[in-house]
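As stored in coords38.cif (mmCIF, C-alpha atoms and all ligand atoms):
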```cif
data_final
#
loop_
_atom_site.label_atom_id
_atom_site.label_comp_id
_atom_site.auth_asym_id
_atom_site.auth_seq_id
_atom_site.Cartn_x
_atom_site.Cartn_y
_atom_site.Cartn_z
CA MET A 1 -9.99 91.14 -78.33
CA LEU A 2 -7.64 88.27 -77.59
CA PHE A 3 -9.63 87.16 -74.59
CA LEU A 4 -12.32 85.26 -76.50
CA PRO A 5 -9.97 83.10 -78.68
CA ALA A 6 -7.79 82.38 -75.63
CA PHE A 7 -10.87 81.44 -73.60
CA ILE A 8 -12.22 79.15 -76.35
CA THR A 9 -8.79 77.52 -76.82
CA SER A 10 -8.48 76.90 -73.07
CA LEU A 11 -12.02 75.51 -72.92
CA VAL A 12 -11.39 73.13 -75.83
CA ALA A 13 -8.06 72.01 -74.30
CA ALA A 14 -9.74 71.45 -70.92
CA ILE A 15 -12.52 69.35 -72.48
CA LEU A 16 -10.03 67.31 -74.51
CA TYR A 17 -7.51 66.85 -71.71
CA LYS A 18 -8.97 64.01 -69.65
CA PRO A 19 -10.29 60.64 -70.85
CA ILE A 20 -13.89 59.81 -70.04
CA SER A 21 -15.97 56.65 -70.32
CA THR A 22 -19.48 55.61 -69.46
CA LYS A 23 -20.10 53.36 -66.49
CA SER A 24 -21.23 50.19 -68.20
CA VAL A 25 -21.12 46.43 -68.01
CA LEU A 26 -17.68 46.64 -69.62
CA THR A 27 -16.21 48.63 -66.73
CA ASN A 28 -17.99 47.07 -63.75
CA GLY A 29 -14.92 44.99 -62.88
CA LEU A 30 -16.69 41.66 -63.37
CA GLU A 31 -15.70 40.99 -66.96
CA ASN A 32 -12.73 39.22 -68.48
CA VAL A 33 -12.50 40.84 -71.89
CA LEU A 34 -11.10 39.46 -75.14
CA LEU A 35 -10.64 41.93 -77.99
CA VAL A 36 -10.79 40.05 -81.31
CA THR A 37 -9.17 41.90 -84.22
CA ALA A 38 -8.42 40.83 -87.79
CA HIS A 39 -4.95 42.23 -88.51
CA PRO A 40 -1.91 43.63 -86.68
CA ASP A 41 -2.51 47.43 -86.38
CA ASP A 42 -6.30 47.09 -85.87
CA GLU A 43 -5.66 47.26 -82.12
CA CYS A 44 -4.31 50.82 -82.27
CA MET A 45 -6.08 52.13 -85.39
CA PHE A 46 -9.54 51.29 -84.07
CA PHE A 47 -9.59 50.11 -80.45
CA ALA A 48 -7.01 52.10 -78.45
CA PRO A 49 -9.56 54.30 -76.56
CA THR A 50 -11.25 51.13 -75.29
CA ILE A 51 -8.04 49.27 -74.39
CA LEU A 52 -6.74 52.27 -72.44
CA GLY A 53 -10.15 52.99 -70.89
CA LEU A 54 -10.45 49.39 -69.68
CA HIS A 55 -6.93 49.56 -68.20
CA ALA A 56 -8.00 52.64 -66.25
CA ALA A 57 -11.01 50.70 -64.94
CA ASN A 58 -8.75 47.77 -63.91
CA VAL A 59 -10.45 45.41 -66.35
CA THR A 60 -8.40 42.43 -67.56
CA VAL A 61 -7.99 42.67 -71.33
CA SER A 62 -6.64 40.01 -73.69
CA ILE A 63 -6.14 40.59 -77.42
CA LEU A 64 -6.26 38.14 -80.30
CA SER A 65 -5.53 38.99 -83.93
CA LEU A 66 -7.07 36.46 -86.30
CA SER A 67 -4.26 36.89 -88.84
CA ARG A 68 -0.64 38.02 -89.13
CA GLY A 69 -1.55 40.48 -91.89
CA ASN A 70 0.37 38.55 -94.52
CA ALA A 71 -1.34 40.03 -97.57
CA ASP A 72 1.95 41.49 -98.86
CA GLY A 73 4.17 38.70 -97.52
CA LEU A 74 5.07 40.79 -94.46
CA GLY A 75 3.46 38.49 -91.89
CA GLU A 76 6.59 37.96 -89.82
CA ALA A 77 7.46 41.67 -89.67
CA ARG A 78 3.88 42.61 -88.90
CA GLU A 79 3.71 40.10 -86.05
CA ALA A 80 6.81 41.77 -84.54
CA GLU A 81 5.17 45.20 -84.97
CA TYR A 82 2.01 43.91 -83.30
CA MET A 83 4.02 42.80 -80.27
CA GLN A 84 5.74 46.21 -80.05
CA SER A 85 2.39 47.97 -80.35
CA LEU A 86 0.98 45.84 -77.53
CA ASP A 87 4.02 46.74 -75.41
CA VAL A 88 3.01 50.38 -75.85
CA LEU A 89 -0.62 49.54 -75.03
CA SER A 90 0.49 47.64 -71.89
CA ILE A 91 -0.98 44.26 -72.84
CA PRO A 92 1.20 41.61 -71.14
CA GLU A 93 2.71 38.85 -73.25
CA SER A 94 0.55 36.25 -71.50
CA ARG A 95 -2.60 37.94 -72.84
CA ARG A 96 -1.69 38.67 -76.45
CA PHE A 97 -2.29 36.20 -79.26
CA ILE A 98 -1.90 36.09 -83.02
CA ILE A 99 -3.25 33.39 -85.30
CA GLU A 100 -1.61 31.87 -88.36
CA HIS A 101 -4.30 29.73 -90.04
CA PRO A 102 -4.57 28.80 -93.74
CA ASP A 103 -8.25 29.79 -93.84
CA LEU A 104 -7.70 33.10 -92.03
CA GLN A 105 -5.29 34.90 -94.32
CA ASP A 106 -5.31 38.69 -94.72
CA ASP A 107 -7.23 39.26 -97.95
CA ILE A 108 -9.39 42.27 -98.78
CA THR A 109 -11.47 40.16 -101.18
CA LYS A 110 -12.38 37.34 -98.77
CA LEU A 111 -14.86 36.68 -96.01
CA TRP A 112 -13.62 34.22 -93.39
CA ASP A 113 -15.69 31.20 -92.33
CA PRO A 114 -17.42 31.85 -88.94
CA ASP A 115 -17.04 28.15 -88.06
CA VAL A 116 -13.25 28.36 -88.44
CA ILE A 117 -13.08 31.55 -86.34
CA SER A 118 -15.30 30.03 -83.70
CA ASP A 119 -13.08 26.94 -83.41
CA VAL A 120 -9.94 29.09 -83.30
CA LEU A 121 -11.34 31.29 -80.51
CA HIS A 122 -12.50 28.44 -78.29
CA PRO A 123 -9.25 27.42 -76.52
CA TYR A 124 -8.29 31.05 -75.82
CA ILE A 125 -11.69 31.87 -74.38
CA VAL A 126 -11.53 28.83 -72.11
CA ALA A 127 -7.90 29.40 -71.04
CA GLN A 128 -8.45 33.11 -70.28
CA ASN A 129 -11.91 32.52 -68.73
CA ILE A 130 -13.36 35.12 -71.08
CA SER A 131 -16.84 36.49 -70.36
CA THR A 132 -17.02 39.27 -72.96
CA ILE A 133 -15.76 39.51 -76.53
CA LEU A 134 -15.21 42.90 -78.13
CA THR A 135 -14.82 43.08 -81.88
CA PHE A 136 -15.86 44.95 -85.03
CA ASP A 137 -19.45 45.28 -86.21
CA PRO A 138 -20.54 43.83 -89.60
CA GLN A 139 -19.27 46.96 -91.42
CA GLY A 140 -15.91 46.67 -89.66
CA VAL A 141 -15.34 50.48 -89.62
CA SER A 142 -13.42 50.40 -92.91
CA GLY A 143 -15.59 47.89 -94.76
CA HIS A 144 -12.74 45.33 -94.86
CA PRO A 145 -14.42 41.89 -95.17
CA ASN A 146 -11.95 40.35 -92.68
CA HIS A 147 -13.17 42.84 -90.05
CA GLY A 148 -16.83 41.92 -90.67
CA SER A 149 -15.81 38.26 -90.52
CA ALA A 150 -14.34 38.77 -87.02
CA PHE A 151 -17.79 39.95 -85.93
CA LEU A 152 -19.60 37.02 -87.59
CA GLY A 153 -17.14 34.54 -86.06
CA ALA A 154 -17.42 35.97 -82.54
CA ARG A 155 -21.21 36.06 -82.74
CA HIS A 156 -21.25 32.48 -84.02
CA TYR A 157 -19.04 31.43 -81.10
CA ALA A 158 -21.34 32.99 -78.50
CA ARG A 159 -24.43 31.48 -80.09
CA SER A 160 -23.09 28.00 -80.74
CA HIS A 161 -20.20 27.30 -78.32
CA ASP A 162 -20.73 29.21 -75.10
CA SER A 163 -23.97 30.98 -74.22
CA ARG A 164 -22.34 32.68 -71.21
CA VAL A 165 -20.17 34.82 -73.45
CA LYS A 166 -21.40 38.28 -74.40
CA VAL A 167 -20.35 40.01 -77.60
CA TYR A 168 -20.06 43.77 -78.09
CA SER A 169 -19.38 45.33 -81.47
CA LEU A 170 -17.63 48.61 -82.24
CA ILE A 171 -20.10 50.91 -84.00
CA SER A 172 -19.07 51.91 -87.52
CA VAL A 173 -19.99 55.56 -87.93
CA PRO A 174 -21.02 57.09 -91.29
CA LEU A 175 -18.20 58.45 -93.46
CA PRO A 176 -18.92 62.18 -92.87
CA THR A 177 -18.37 61.74 -89.11
CA LYS A 178 -15.41 59.38 -89.36
CA TYR A 179 -12.67 61.91 -90.10
CA LEU A 180 -13.40 64.86 -87.84
CA GLY A 181 -10.10 64.93 -85.95
CA ILE A 182 -10.41 66.57 -82.53
CA VAL A 183 -14.02 67.53 -83.23
CA ALA A 184 -14.96 63.88 -82.59
CA PRO A 185 -13.80 63.69 -78.93
CA LEU A 186 -15.18 67.19 -78.29
CA GLN A 187 -18.61 66.21 -79.58
CA ALA A 188 -18.55 62.84 -77.76
CA LYS A 189 -17.55 64.43 -74.45
CA ILE A 190 -20.12 67.21 -74.73
CA ASP A 191 -22.75 64.50 -75.36
CA LEU A 192 -21.65 62.58 -72.25
CA TYR A 193 -21.48 65.70 -70.06
CA GLY A 194 -24.94 66.62 -71.38
CA ILE A 195 -26.30 63.27 -70.21
CA ALA A 196 -24.73 63.79 -66.76
CA LEU A 197 -26.27 67.28 -66.54
CA LEU A 198 -29.70 65.94 -67.51
CA GLU A 199 -29.43 63.29 -64.79
CA LEU A 200 -28.49 65.97 -62.27
CA ALA A 201 -31.46 68.10 -63.32
CA GLU A 202 -33.74 65.06 -63.05
CA TYR A 203 -32.44 64.42 -59.53
CA ALA A 204 -32.89 68.06 -58.49
CA TYR A 205 -36.48 68.10 -59.77
CA ALA A 206 -37.32 64.79 -58.00
CA SER A 207 -35.77 66.16 -54.78
CA VAL A 208 -37.93 69.29 -54.90
CA LEU A 209 -41.08 67.18 -55.44
CA TYR A 210 -40.11 64.86 -52.56
CA MET A 211 -39.34 67.68 -50.11
CA ALA A 212 -42.60 69.44 -51.03
CA GLY A 213 -44.52 66.26 -50.26
CA ARG A 214 -45.66 65.95 -53.87
CA SER A 215 -43.89 62.59 -54.35
CA SER A 216 -43.47 59.58 -52.06
CA HIS A 217 -40.40 58.31 -53.93
CA ALA A 218 -37.07 59.31 -52.39
CA PRO A 219 -34.87 60.66 -55.20
CA PHE A 220 -31.58 59.04 -56.04
CA LEU A 221 -28.86 60.24 -58.31
CA LYS A 222 -28.21 57.82 -61.13
CA SER A 223 -24.54 57.19 -61.70
CA ALA A 224 -23.35 60.12 -63.74
CA VAL A 225 -22.80 59.16 -67.36
CA SER A 226 -24.95 56.26 -66.45
CA ALA A 227 -25.48 52.62 -67.29
CA ARG A 228 -28.46 53.67 -69.43
CA THR A 229 -26.03 54.84 -72.04
CA MET A 230 -24.09 52.49 -74.31
CA PRO A 231 -20.43 51.82 -73.53
CA VAL A 232 -18.39 54.76 -74.79
CA PHE A 233 -14.67 55.43 -74.33
CA VAL A 234 -13.21 58.82 -75.18
CA SER A 235 -9.46 59.34 -74.93
CA GLY A 236 -7.76 62.38 -73.48
CA PHE A 237 -4.51 63.83 -74.86
CA ASP A 238 -2.33 61.29 -73.06
CA ASN A 239 -4.21 58.28 -74.40
CA PHE A 240 -4.32 59.75 -77.90
CA LEU A 241 -0.53 60.08 -77.79
CA ILE A 242 -0.18 56.48 -76.56
CA ALA A 243 -2.37 55.28 -79.45
CA HIS A 244 -0.25 57.36 -81.82
CA ARG A 245 2.93 55.80 -80.42
CA ALA A 246 1.44 52.30 -80.76
CA MET A 247 0.57 53.08 -84.39
CA ARG A 248 4.14 54.18 -85.06
CA GLN A 249 5.33 50.65 -84.16
CA HIS A 250 3.60 49.47 -87.36
CA TRP A 251 6.29 51.03 -89.53
CA SER A 252 5.52 48.76 -92.52
CA GLN A 253 1.99 50.22 -92.66
CA LEU A 254 2.81 53.89 -92.29
CA VAL A 255 2.24 55.02 -95.85
CA TRP A 256 1.12 58.64 -96.28
CA TYR A 257 -2.64 57.99 -96.16
CA ARG A 258 -2.30 56.17 -92.84
CA TRP A 259 -0.71 59.29 -91.37
CA LEU A 260 -3.80 61.17 -92.53
CA TYR A 261 -5.92 58.49 -90.87
CA VAL A 262 -4.02 58.72 -87.58
CA LEU A 263 -4.44 62.49 -87.50
CA SER A 264 -8.08 62.64 -88.49
CA SER A 265 -9.81 59.41 -87.47
CA ARG A 266 -12.52 59.41 -84.84
CA TYR A 267 -11.36 55.93 -83.75
CA MET A 268 -8.06 57.27 -82.45
CA TRP A 269 -10.18 59.19 -79.90
CA VAL A 270 -13.65 57.67 -79.56
CA ASN A 271 -15.06 54.12 -79.36
CA GLU A 272 -18.81 53.50 -79.10
CA TRP A 273 -20.11 49.98 -78.50
CA GLN A 274 -23.37 48.12 -78.92
CA VAL A 275 -24.48 44.72 -77.69
CA ALA A 276 -24.37 42.05 -80.39
CA VAL A 277 -25.06 38.95 -78.27
CA THR A 278 -26.21 38.97 -74.64
CA ALA A 279 -25.35 36.17 -72.21
CA GLN A 280 -28.01 33.46 -72.28
CA SER A 281 -27.40 32.07 -68.81
ZN ZN A 301 -7.63 45.42 -90.26
#
```

Go ahead and express the file in the form of structure tokens.
Amino acid sequence: MLFLPAFITSLVAAILYKPISTKSVLTNGLENVLLVTAHPDDECMFFAPTILGLHAANVTVSILSLSRGNADGLGEAREAEYMQSLDVLSIPESRRFIIEHPDLQDDITKLWDPDVISDVLHPYIVAQNISTILTFDPQGVSGHPNHGSAFLGARHYARSHDSRVKVYSLISVPLPTKYLGIVAPLQAKIDLYGIALLELAEYAYASVLYMAGRSSHAPFLKSAVSARTMPVFVSGFDNFLIAHRAMRQHWSQLVWYRWLYVLSSRYMWVNEWQVAVTAQS
């Protein structure tokens, strides 16, 4: 009687245990990536699976927060928390940046000017030789206008300043799927394993046709979890715990509902990306 629950528990633990990511342009080793966030704590609340997945793929990642999160006058403390969080996320001091600009102040009622963001980003992108910007999408996961502004600013930069820079945006999922806890990484991993299985089946079928002389095309196995899929990063237990530890550095933000967020949010486990601006040259 106990066998079935034990088997299911072991299966779930095994699926959750390891991180997994798609092979995509983000992990091909050719990109210098800049993650553009809006506030200290965005990096671990929303982007930790990607940061840790890119580390595993040996991709150089820089991070820039467009504000110090000074909405409650805590800017100085929050900057210190941001630095501690980035210690946990293994971003070296030479690749972490935080902006204090009068037109980019943490404010839940304000959109930021894309021109200002674009100008602010420029020297960092040049100095770090950035080829790809990662940021929020227009909904900004939580609907915070500063998050959506980060997207508009990054897109404006790529379109107006530097056509070689690509922009990817983090997909905001609908509310019912946002707070699924460990169901989110389970579902995301099963999806990715399903794609790999389909590719294997496709390869096996093409091989049979080729060997039977019914096809002149030699089969080849597409890279499992292939480049046809969008960039996806799913954390395993270890990376989830690192993200959790990074979040705990933001002590000034850890009110009760943020603990609920940390325990239930899909973004502590899963990041899915879409292309916002492709390189023009
Ligand atoms: Zn934020």

(request) Provide the CA of His144 in chain A to CA of Val59 in chain A distance in Å, to one decimal place. (result)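 These two atoms are separated by 28.6 Å.
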
(request) Could the residues that lie within 6 Å of ligand ZN 301 (chain A), counting only C-alpha atoms and all ligand atoms, be listed as number ranges by chain? (result) A: 38-39, 42

What lies within 8 Å of Ile20 in chain A using only C-alpha atoms, ignoring chain neighbours under 5 positions off, as a PDB file with C-alpha atoms, keeping the file's coordinate frame?
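Once everything was written out, this is result33.pdb:
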```
ATOM      1  CA  GLY A  53     -10.150  52.990 -70.890  1.00  0.00           C
ATOM      2  CA  LYS A 189     -17.550  64.430 -74.450  1.00  0.00           C
ATOM      3  CA  PHE A 233     -14.670  55.430 -74.330  1.00  0.00           C
ATOM      4  CA  VAL A 234     -13.210  58.820 -75.180  1.00  0.00           C
ATOM      5  CA  SER A 235      -9.460  59.340 -74.930  1.00  0.00           C
ATOM      6  CA  GLY A 236      -7.760  62.380 -73.480  1.00  0.00           C
TER       7      GLY A 236
END
```

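When all atoms listed in the file are used to measure the gap to Leu186 in chain A, the shortest distance among A:Gly73, A:Pro19, A:Pro102, A:Pro5 belongs to A:Pro19.
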
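Nearest-residue note for Lys110 in chain A: choosing from A:Gln128, A:Ser149, A:Ser94, A:Ser85, the minimum distance belongs to A:Ser149, counting all atoms listed in the file.
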
(message) I'd like the neighbourhood of Ala204 in chain A as an MDAnalysis selection string, where a residue qualifies if any of its atoms comes within 12 Å (using only C-alpha atoms), though same-chain residues fewer than 3 positions away should be ignored.
(response) chainID A and resid 197:201 207:211 218:222

(message) Please list, as a PyMOL selection string, the residues that have an atom at most 12 Å away from (-13.9, 66.4, -87.5) in the coordinates of this file, counting all atoms listed in the file.
(response) chain A and resi 175-188+261+263-270

(message) Would you pick out the contacts of Ser172 in chain A at 8 Å or less, using only C-alpha atoms, so that residues sharing its chain but fewer than 3 positions from it are not included, and give the list as a ChimeraX atom specification?
(response) /A:137,139-142

Serialized selection, C-alpha atoms, as a short mmCIF file (atom, residue, chain, number, x, y, z; two decimals), in the frame of the given file:
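Contents of part-v5.cif, as written:
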```cif
data_model
loop_
_atom_site.label_atom_id
_atom_site.label_comp_id
_atom_site.auth_asym_id
_atom_site.auth_seq_id
_atom_site.Cartn_x
_atom_site.Cartn_y
_atom_site.Cartn_z
CA ASP A 137 -19.45 45.28 -86.21
CA GLN A 139 -19.27 46.96 -91.42
CA GLY A 140 -15.91 46.67 -89.66
CA VAL A 141 -15.34 50.48 -89.62
CA SER A 142 -13.42 50.40 -92.91
#
```

(request) Provide the CA of Arg78 in chain A to CA of Ser252 in chain A distance in Å, to one decimal place. (result)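 Calculated distance between CA of Arg78 in chain A and CA of Ser252 in chain A is 7.3 Å.
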
(request) Identify which of the residues A:Leu111, A:Ile171, A:Ile91, A:Ala6 lies closest to Cys44 in chain A, counting all atoms listed in the file when measuring atom-to-atom distances. (result)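 Looking only at the distances to Cys44 in chain A, the closest residue turns out to be A:Ile91.
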
(request) Find the residues around Asn146 in chain A up to 12 Å (only C-alpha atoms counted), leave out those fewer than 5 positions away in its own chain, and share them as JSON, numbers by chain. (result) {"A": [36, 37, 38, 39, 42, 65, 66, 67, 69, 71, 103, 104, 105, 106, 107, 108, 109, 110, 111, 112, 113, 114, 117, 135, 136, 137, 138, 139, 140, 141, 151, 152, 153]}

(request) For Glu79 in chain A, please output as an NGL selection string all residues within 12 Å (counting all atoms listed in the file; exclusion window: fewer than 3 positions along the same chain). (result) :A and (39-41 or 64-70 or 73-76 or 82-86 or 96-100 or 249-252)

Residues from the last selection, C-alpha atoms, saved as a PDB file, in the frame of the given file:
```pdb
ATOM      1  CA  HIS A  39      -4.950  42.230 -88.510  1.00  0.00           C
ATOM      2  CA  PRO A  40      -1.910  43.630 -86.680  1.00  0.00           C
ATOM      3  CA  ASP A  41      -2.510  47.430 -86.380  1.00  0.00           C
ATOM      4  CA  LEU A  64      -6.260  38.140 -80.300  1.00  0.00           C
ATOM      5  CA  SER A  65      -5.530  38.990 -83.930  1.00  0.00           C
ATOM      6  CA  LEU A  66      -7.070  36.460 -86.300  1.00  0.00           C
ATOM      7  CA  SER A  67      -4.260  36.890 -88.840  1.00  0.00           C
ATOM      8  CA  ARG A  68      -0.640  38.020 -89.130  1.00  0.00           C
ATOM      9  CA  GLY A  69      -1.550  40.480 -91.890  1.00  0.00           C
ATOM     10  CA  ASN A  70       0.370  38.550 -94.520  1.00  0.00           C
ATOM     11  CA  GLY A  73       4.170  38.700 -97.520  1.00  0.00           C
ATOM     12  CA  LEU A  74       5.070  40.790 -94.460  1.00  0.00           C
ATOM     13  CA  GLY A  75       3.460  38.490 -91.890  1.00  0.00           C
ATOM     14  CA  GLU A  76       6.590  37.960 -89.820  1.00  0.00           C
ATOM     15  CA  TYR A  82       2.010  43.910 -83.300  1.00  0.00           C
ATOM     16  CA  MET A  83       4.020  42.800 -80.270  1.00  0.00           C
ATOM     17  CA  GLN A  84       5.740  46.210 -80.050  1.00  0.00           C
ATOM     18  CA  SER A  85       2.390  47.970 -80.350  1.00  0.00           C
ATOM     19  CA  LEU A  86       0.980  45.840 -77.530  1.00  0.00           C
ATOM     20  CA  ARG A  96      -1.690  38.670 -76.450  1.00  0.00           C
ATOM     21  CA  PHE A  97      -2.290  36.200 -79.260  1.00  0.00           C
ATOM     22  CA  ILE A  98      -1.900  36.090 -83.020  1.00  0.00           C
ATOM     23  CA  ILE A  99      -3.250  33.390 -85.300  1.00  0.00           C
ATOM     24  CA  GLU A 100      -1.610  31.870 -88.360  1.00  0.00           C
ATOM     25  CA  GLN A 249       5.330  50.650 -84.160  1.00  0.00           C
ATOM     26  CA  HIS A 250       3.600  49.470 -87.360  1.00  0.00           C
ATOM     27  CA  TRP A 251       6.290  51.030 -89.530  1.00  0.00           C
ATOM     28  CA  SER A 252       5.520  48.760 -92.520  1.00  0.00           C
TER      29      SER A 252
END
```

(message) Considering only C-alpha atoms, can you say which of A:Gly148, A:Phe240, A:Ala127, A:Met247 comes closest to Tyr17 in chain A?
(response)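 Under the stated criterion, the closest residue is A:Phe240.
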
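CA of Leu192 in chain A sits 7.8 Å away from CA of Thr22 in chain A.
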
(request) Give the answer as one residue: which of A:Leu2, A:Ile195, A:Leu89, A:Val116 has the shortest atom-to-atom distance to Met45 in chain A, using only C-alpha atoms? (result) A:Leu89
